[in-house]
Number of protein chains: 2
Amino acid sequence: MSTAAEGECSVPQRLLAAATRLFAGQGYDRTSVQEIVEAAGVTKGALYHYFGSKDDLLHEVYARVLRLQQERLDCFARSDAPVEKRLREAAADVVVTTIENLDDTKIFFRSMHHLGPEKLAQVRAERRRYHERFRALVEEGQRSGVFTSATPADLVVDYHFGSVHHLGAWYHPEGRLSAAQVAGHLADLLMRALRP
Amino acid sequence: MSTAAEGECSVPQRLLAAATRLFAGQGYDRTSVQEIVEAAGVTKGALYHYFGSKDDLLHEVYARVLRLQQERLDCFARSDAPVEKRLREAAADVVVTTIENLDDTKIFFRSMHHLGPEKLAQVRAERRRYHERFRALVEEGQRSGVFTSATPADLVVDYHFGSVHHLGAWYHPEGRLSAAQVAGHLADLLMRALRP
DNA sequence: CGCCACATACCGACTGGTTAGTCTGCGCCG
DNA sequence: CGGCGCAGACTAACCAGTCGGTATGTGGCG
């Protein structure tokens, strides 16, 4: 009766997965709690046993993807390779992980305003930390002269992340370009834009 | 009693303006028809006198901004300046008009999925035409050798428009950069990324 | 000019349907 | 037997859209 394989995960994980898929497909508001629990093969009692509210569910989705991206970026930034290599790899990796979690990303930028104020502030703060770490890489390259300083670093970061966030609007896994190929091209564009 | 000056516009225009502001601020689903008519200083009878449904209202917002952007792009593309000048001006102009109509843009990419299937198809078709005209400029420059062909033209277009769409997420009119300054920087980034 | 017929513009109470969240209870496991 | 994990009916609120009604014009006709 349910769409997903029900037996292979714990109930909260199944609920989170179903919610992610449905939120990404039809948006937060258009997805009723009833639909989520049916897709997960349980009932509302189960959902409200594990989550405080529908908002909580959304917040969990956000927390998961934020944690993942922060970890990956840290990994690249801490390397001791030259800065242009570190930035290029970080820029490409964020594209790959975004494509690998396209549902989460779609939700992220489409449903942010559905979060309550305090959860929103928390998500925004984490997001800002992520941006700042990325920007630090750009600034490092600008100071050392391998990148042009013609454009302020924060604008460069917003430029790149803008196109990353937009991936959900056009990328299809069955398309002619693989995630790695797209990532390579977008990273190239960024690096060329930063050439002195 | 109402928030906006009521007397200076026709009722349908006031309704459209109120809807735009509210949709951008709280999203389509979180905005009730009651809120819209109160903000416009009328009642539901007036709204349903001029618009067929809440969807219609949203669709009108889309149609307005699509028409505007298409006109502006046509204007730049038809010039007989060298292609790098035409593309640069078009790329900068789309940033300026996006910033000047930030509310519309926010709605555009956040609430698309609220449109019914046939209206959605129509909006998408117009959007695609816009993209294709922009892409044609990039391809022209690539053929004539003033732009690098390292990156496929459609990816370049998605790269630029991605950051344009993302403007609504970070740009604030009171910030330190004017719309024209941001437009100049983003156009510079694009042109540098296209240098051979 | 006075008056009627009709239309356009708008009002606001009402309805049918939907939804998030609650609460009581039941079955299974330790 | 006791409590954890969950079922599912229930409720209170809300909301898009409807519909009969009202007011303000507008054109024709006697």
# chains A, B, ... in the order shown; residues from 1 in each chain; ligands from 1
>>> residues_around(residues="stretch 17-22 of chain D", least_positions_apart="6", cutoff="9 Å", atoms="only C-alpha atoms (C1' of nucleotides)", output="PyMOL selection string")
(chain B and resi 48+53) or (chain C and resi 10-11+14-15)
>>> closest_atom_pairs(of="chain B", to="chain C", cutoff="10 Å", atoms="only C-alpha atoms (C1' of nucleotides)", output="tab-separated table")
residue	atom	partner	partner_atom	distance
B:Val11	CA	C:DA9	C1'	10.0
B:Val42	CA	C:DC10	C1'	8.2
B:Thr43	CA	C:DC11	C1'	6.7
B:Lys44	CA	C:DC11	C1'	8.1
B:Gly45	CA	C:DC10	C1'	6.1
B:Ala46	CA	C:DC10	C1'	5.4
B:Leu47	CA	C:DC10	C1'	9.2
B:Tyr48	CA	C:DC10	C1'	9.9
B:His49	CA	C:DC10	C1'	8.0
B:Tyr50	CA	C:DA9	C1'	9.7
>>> write_last_selection(atoms="N, CA and C atoms", output="PDB file, in the first residue's frame")
ATOM      1  N   VAL B  11      -8.478  49.572  -8.564  1.00  0.00           N
ATOM      2  CA  VAL B  11      -8.613  48.440  -7.645  1.00  0.00           C
ATOM      3  C   VAL B  11      -7.810  47.221  -8.101  1.00  0.00           C
ATOM      4  N   VAL B  42     -10.133  46.492  -0.011  1.00  0.00           N
ATOM      5  CA  VAL B  42     -11.406  46.093  -0.617  1.00  0.00           C
ATOM      6  C   VAL B  42     -11.867  44.780   0.028  1.00  0.00           C
ATOM      7  N   THR B  43     -12.778  44.091  -0.615  1.00  0.00           N
ATOM      8  CA  THR B  43     -13.250  42.827  -0.069  1.00  0.00           C
ATOM      9  C   THR B  43     -13.158  41.730  -1.136  1.00  0.00           C
ATOM     10  N   LYS B  44     -13.496  40.528  -0.738  1.00  0.00           N
ATOM     11  CA  LYS B  44     -13.343  39.403  -1.656  1.00  0.00           C
ATOM     12  C   LYS B  44     -14.189  39.571  -2.917  1.00  0.00           C
ATOM     13  N   GLY B  45     -15.320  40.195  -2.753  1.00  0.00           N
ATOM     14  CA  GLY B  45     -16.151  40.427  -3.919  1.00  0.00           C
ATOM     15  C   GLY B  45     -15.394  41.148  -5.023  1.00  0.00           C
ATOM     16  N   ALA B  46     -14.616  42.153  -4.637  1.00  0.00           N
ATOM     17  CA  ALA B  46     -13.849  42.907  -5.627  1.00  0.00           C
ATOM     18  C   ALA B  46     -12.799  42.023  -6.284  1.00  0.00           C
ATOM     19  N   LEU B  47     -12.109  41.242  -5.469  1.00  0.00           N
ATOM     20  CA  LEU B  47     -11.051  40.396  -6.034  1.00  0.00           C
ATOM     21  C   LEU B  47     -11.624  39.427  -7.064  1.00  0.00           C
ATOM     22  N   TYR B  48     -12.708  38.747  -6.687  1.00  0.00           N
ATOM     23  CA  TYR B  48     -13.260  37.762  -7.605  1.00  0.00           C
ATOM     24  C   TYR B  48     -14.063  38.411  -8.736  1.00  0.00           C
ATOM     25  N   HIS B  49     -14.223  39.707  -8.633  1.00  0.00           N
ATOM     26  CA  HIS B  49     -14.802  40.415  -9.762  1.00  0.00           C
ATOM     27  C   HIS B  49     -13.763  40.591 -10.867  1.00  0.00           C
ATOM     28  N   TYR B  50     -12.516  40.811 -10.480  1.00  0.00           N
ATOM     29  CA  TYR B  50     -11.466  41.092 -11.464  1.00  0.00           C
ATOM     30  C   TYR B  50     -10.610  39.879 -11.799  1.00  0.00           C
TER      31      TYR B  50
END
>>> interface_residues(of="chain A", to="chain B", cutoff="7 Å", atoms="only C-alpha atoms", output="ChimeraX atom specification")
/A:26,29,110,113,151,158-160,162-163,166,185,189-190,192-193
>>> select_by_dssp(residues="stretch 101-194 of chain B", states="alpha helix (DSSP H)", output="PyMOL selection string")
chain B and resi 102-111+117-143+153-165+167-170+179-194
>>> atom_distance(atom1="atom CA of A:Val83", atom2="atom CA of A:Gly141")
6.0 Å
>>> residues_around(residues="stretch 124-139 of chain A", least_positions_apart="5", cutoff="10 Å", atoms="only C-alpha atoms (C1' of nucleotides)", output="ChimeraX atom specification")
/A:63,66-67,69-71,73-74,77,83-84,86-88,90-91,112,118-119,144-149,152-158,161,194
>>> write_last_selection(atoms="C-alpha atoms", output="PDB file, in the first residue's frame")
ATOM      1  CA  ALA A  63      19.913  20.245   9.886  1.00  0.00           C
ATOM      2  CA  LEU A  66      23.710  21.696   6.641  1.00  0.00           C
ATOM      3  CA  ARG A  67      25.781  19.271   8.676  1.00  0.00           C
ATOM      4  CA  GLN A  69      27.909  20.370   3.582  1.00  0.00           C
ATOM      5  CA  GLN A  70      29.823  21.916   6.456  1.00  0.00           C
ATOM      6  CA  GLU A  71      31.768  18.708   6.955  1.00  0.00           C
ATOM      7  CA  LEU A  73      33.854  22.045   3.077  1.00  0.00           C
ATOM      8  CA  ASP A  74      35.973  21.773   6.215  1.00  0.00           C
ATOM      9  CA  ALA A  77      39.573  23.966   3.305  1.00  0.00           C
ATOM     10  CA  VAL A  83      44.634  27.925  -2.489  1.00  0.00           C
ATOM     11  CA  GLU A  84      43.457  27.730  -6.102  1.00  0.00           C
ATOM     12  CA  ARG A  86      41.509  24.039  -2.517  1.00  0.00           C
ATOM     13  CA  LEU A  87      38.907  26.483  -3.812  1.00  0.00           C
ATOM     14  CA  ARG A  88      38.409  24.623  -7.059  1.00  0.00           C
ATOM     15  CA  ALA A  90      35.519  22.888  -2.756  1.00  0.00           C
ATOM     16  CA  ALA A  91      33.563  24.637  -5.504  1.00  0.00           C
ATOM     17  CA  MET A 112      12.947  28.441   4.213  1.00  0.00           C
ATOM     18  CA  GLU A 118      14.074  30.976  15.950  1.00  0.00           C
ATOM     19  CA  LYS A 119      14.701  27.922  13.804  1.00  0.00           C
ATOM     20  CA  SER A 144      48.261  36.277  -2.378  1.00  0.00           C
ATOM     21  CA  GLY A 145      47.551  37.531  -5.872  1.00  0.00           C
ATOM     22  CA  VAL A 146      46.491  34.287  -7.548  1.00  0.00           C
ATOM     23  CA  PHE A 147      42.924  35.645  -7.797  1.00  0.00           C
ATOM     24  CA  THR A 148      41.858  39.047  -9.060  1.00  0.00           C
ATOM     25  CA  SER A 149      40.543  41.495  -6.495  1.00  0.00           C
ATOM     26  CA  PRO A 152      34.578  41.736  -3.694  1.00  0.00           C
ATOM     27  CA  ALA A 153      34.937  38.240  -2.285  1.00  0.00           C
ATOM     28  CA  ASP A 154      31.437  38.053  -0.870  1.00  0.00           C
ATOM     29  CA  LEU A 155      29.957  38.837  -4.269  1.00  0.00           C
ATOM     30  CA  VAL A 156      32.043  36.066  -5.787  1.00  0.00           C
ATOM     31  CA  VAL A 157      30.716  33.649  -3.197  1.00  0.00           C
ATOM     32  CA  ASP A 158      27.120  34.687  -3.799  1.00  0.00           C
ATOM     33  CA  PHE A 161      26.337  29.679  -4.666  1.00  0.00           C
ATOM     34  CA  LEU A 194      38.888  34.819 -10.675  1.00  0.00           C
TER      35      LEU A 194
END
